[in-house]
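Novice: This structure is in structure tokens; I'll ask about it shortly.
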Amino acid sequence: MEEWKESIIEQTSIQMIDGDRGKNYPKNSDFFSQGYCLFLNAGNVTKSGFSFSDNAFITEDKDQLLRKGRLERNDVVITTRGTVGNVALYDSSVPYEHVRINSGMLILKGGRDILPEYLYYFLKGSRFQNQIAQFVSGSAQPQLPKSTLGKMKISFPIELNVQKRICGVLKSLDDKIEVNRRINDNLEQQAQALFKSWFVDFEPFRDGEFVESELGMIPKGWRVGTLGEMCKCILGGTPSRDNPNFWGGKIAWINSGEVNRFRITTPSEFITEEGLNRSATKLLPKKTTVLAITGATLGQVSLLEIDSCANQSVIGVLENEDYPYSFIYPLIKEKIGELMSHMTGGAQQHINKNNVEGSDVVIPSPSIVSSFNDIAYPLYEKIGYLCLENDRLSQLRDTLLPRLMSGEIKVGDVTL
């Protein structure tokens with residue numbers, strides 16, 4: 001029979017370690033885009049673990065001046081300032097050998113009674129995250145002091161083998177999610193390279209005749225037109241927040257922050273039929289290409305895998321019979337640099353819908369696009385399928401996690 005124990009963190013063997021805060025703490029001038037030691041920032045530790053899309057490095061000399069905050073393999077990192085409670089595990093999958101935390105994080109080390117992997121999964125789970133939510137509620141600048149973290153509760157099986165089996169179940173789901181993510185990255189690169197080969201470099205048509213155009217030499221029979229001429233562009237909107245009858249319905253609605261995701265499989269919120277009918281927002285069908293035109297995600301491009309409305313900071317570019325999403329989506333990704341050159345505004349820069357619709361594009365014949373679609377469509381459909389599968393796996397993991405961590409269900413009762 002599994003025997004469980006509940007304790008506060010500081011009464012277990014878990015170690016809590018600060019980052020360095022002394023006179024040698026790095027200044028802005030000490031950071032570089034490449035270097036010896038990765039110095040973690042808030043963007044590196046997300047709700048989904050580590051993210052390395054925006055890295056800052058310090059030199060070896062600077063690293064040697066710092067006394068605390070250096071990570072060792074299987075350490076757990078938790079954010080303690082601003083965005084509080086994001087957790088990541090510094091395991092063998094992280095490709096950096098020298099890593100330090102900043103002053104808005106803590107390092108937690110598993111001990112003789114708690115495995116580091118178990119600690120990581122517990123901290124991610126709802127039982128622990130609910131404790132954090134109660135603590136930081138109402139705070140303008142949330143912070144989680146080490147002393148407070150130490151008073152928070154953790155429950156765990158006394159037998160380390162039981163902890164190990166629980167982690168094994170959860171890690172098998174995480175591993176499958178990661179495999180799917182890598183497959184999707186590869187498929188996305190293949191599809192974008194295929195689009196560039198056909199419609200930017202014109203490689204399959206090199207033996208044919210080319211003619212002069214406003215955009216340079218293009219295959220004979222193709223023409224230059226505008227994006228708005230080729231497909232419909234729709235600007236989103238937001239139902240009034242002052243009317244409660246507009247919100248909490250069954251119609252999906254996204255804000256521009258969602259466009260930062262690889263694929264959009266879940267909405268930000270839900271609106272009602274009344275909210276849809278009495279606002280500027282429009283229902284965009286799944287496989288609509290969406291483009292963020294203002295805010296922090298300005299210039300991001302994604303693809304809807306669900307029917308959804310969007311806010312006024314999002315433009316939806318719809319597919320049609322002649323130009324399917326498998327052509328529209330990589331086209332917008334290819335042209336995003338040019339569209340960004342049309343940004344206007346001061347503190348809040350944005351792209352105008354007219355600039356998007358009026359953007360010049362090379363328009364091939366529908367028959368050429370159809371031939372391209374025969375190759376590209378299966379790649380994009382596979383990506384969509386794996387994204388939805390990852391949603392299902394994530395939901396399964398997140399459902400199992402608190403129940404396994406509380407002893408409500410036993411590992412032997414789980415069938416994946």
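Identifiers in the structure tokens: chain A, B, ... in order shown; residue index from 1 per chain; ligand index from 1 in order shown.
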Step one, run DSSP on the backbone; step two, keep only residues of stretch 8-214 of chain A assigned to strand (DSSP E or B); then write them as a ChimeraX atom specification.
Specialist: /A:8,15-18,32,37-39,45-46,49-50,57-58,70,75-79,81,87-90,99-100,105-109,143,153-157,210-211
Novice: Can you build me a table of stretch 135-251 of chain A residues sitting at most 7 Å from stretch 278-284 of chain A, with the closest atom pair per residue and its distance in Å to one decimal, using only C-alpha atoms, sorted by chain and residue number, as CSV?
Specialist:
```
residue,atom,partner,partner_atom,distance
A:Gly236,CA,A:Thr281,CA,4.6
A:Gly237,CA,A:Thr281,CA,3.8
A:Thr238,CA,A:Thr281,CA,5.9
A:Pro239,CA,A:Ser279,CA,5.1
```
Novice: Tell me which of A:Asn102, A:Ser406, A:Ser268, A:Thr79 sits closest to A:Glu2, counting only C-alpha atoms.
Specialist: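 For A:Glu2, the nearest of the candidates is A:Ser406.
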Novice: Please provide as a VMD selection string all residues within 9 Å of stretch 328-341 of chain A, with the sequence filter that same-chain residues fewer than 4 positions apart are discarded (counting only C-alpha atoms).
Specialist: chain A and resid 191 to 192 195 to 196 199 to 200 231 287 to 291 293 298 to 303 317 to 319 323 to 324 350 to 351 355 to 356 359 361
Novice: Between A:Lys286, A:Lys220, A:Tyr325, A:Met16, which one has atoms that come closest to A:Ile306, using only C-alpha atoms?
Specialist: A:Lys286
Novice: Restricting the calculation to only C-alpha atoms, which member of A:Cys387, A:Ala133, A:Phe57, A:Gly35 is positioned closest to A:Thr83?
Specialist: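 So, comparing all the options, the nearest one is A:Ala133.
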Novice: Using only C-alpha atoms, can you tell me which of A:Lys151, A:Lys164, A:Lys176, A:Arg73 comes closest to A:Ala88?
Specialist: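 That would be A:Arg73, the residue with the smallest distance to A:Ala88.
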Novice: Extract, using only C-alpha atoms, all DNA, RNA and protein residues at most 12 Å from stretch 141-150 of chain A, discarding same-chain residues fewer than 5 positions from it, and format them as a ChimeraX atom specification.
Specialist: /A:7-19,78-86,103-108,123,128-129,131-136
Novice: Which is closer to A:Gly49 than all the others in A:Leu65, A:Ile315, A:Val162, A:Val94, using only C-alpha atoms?
Specialist: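 The answer is A:Val94, which sits nearest to A:Gly49.
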Novice: Excluding A:Ser29 and any residue of its chain fewer than 5 positions from it, enumerate the residues within 12 Å of it, using only C-alpha atoms, and give them as a ChimeraX atom specification.
Specialist: /A:56-59,62
Novice: Export N, CA and C atoms of the chosen residues as a compact mmCIF listing (two decimals), in the first residue's frame?
Specialist:
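Result file is out-v3.txt:
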```
# COMPACT_ATOMS: atom_id res chain seq x y z
N ALA A 56 20.11 35.50 -23.11
CA ALA A 56 21.15 36.46 -22.76
C ALA A 56 22.30 35.70 -22.10
N PHE A 57 23.53 35.98 -22.53
CA PHE A 57 24.70 35.26 -22.03
C PHE A 57 25.67 36.22 -21.36
N ILE A 58 26.43 35.68 -20.40
CA ILE A 58 27.53 36.42 -19.80
C ILE A 58 28.83 35.69 -20.11
N THR A 59 29.94 36.41 -19.98
CA THR A 59 31.24 35.82 -20.28
C THR A 59 31.69 34.90 -19.15
N LYS A 62 32.84 36.94 -16.15
CA LYS A 62 31.72 37.43 -15.35
C LYS A 62 31.10 36.31 -14.53
```
Novice: Go through A:Phe210, A:Trp4, A:Phe205, A:Tyr120 and flag the residue nearest A:Lys171, using only C-alpha atoms for the distances.
Specialist: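 Result for the nearest residue to A:Lys171: A:Tyr120.
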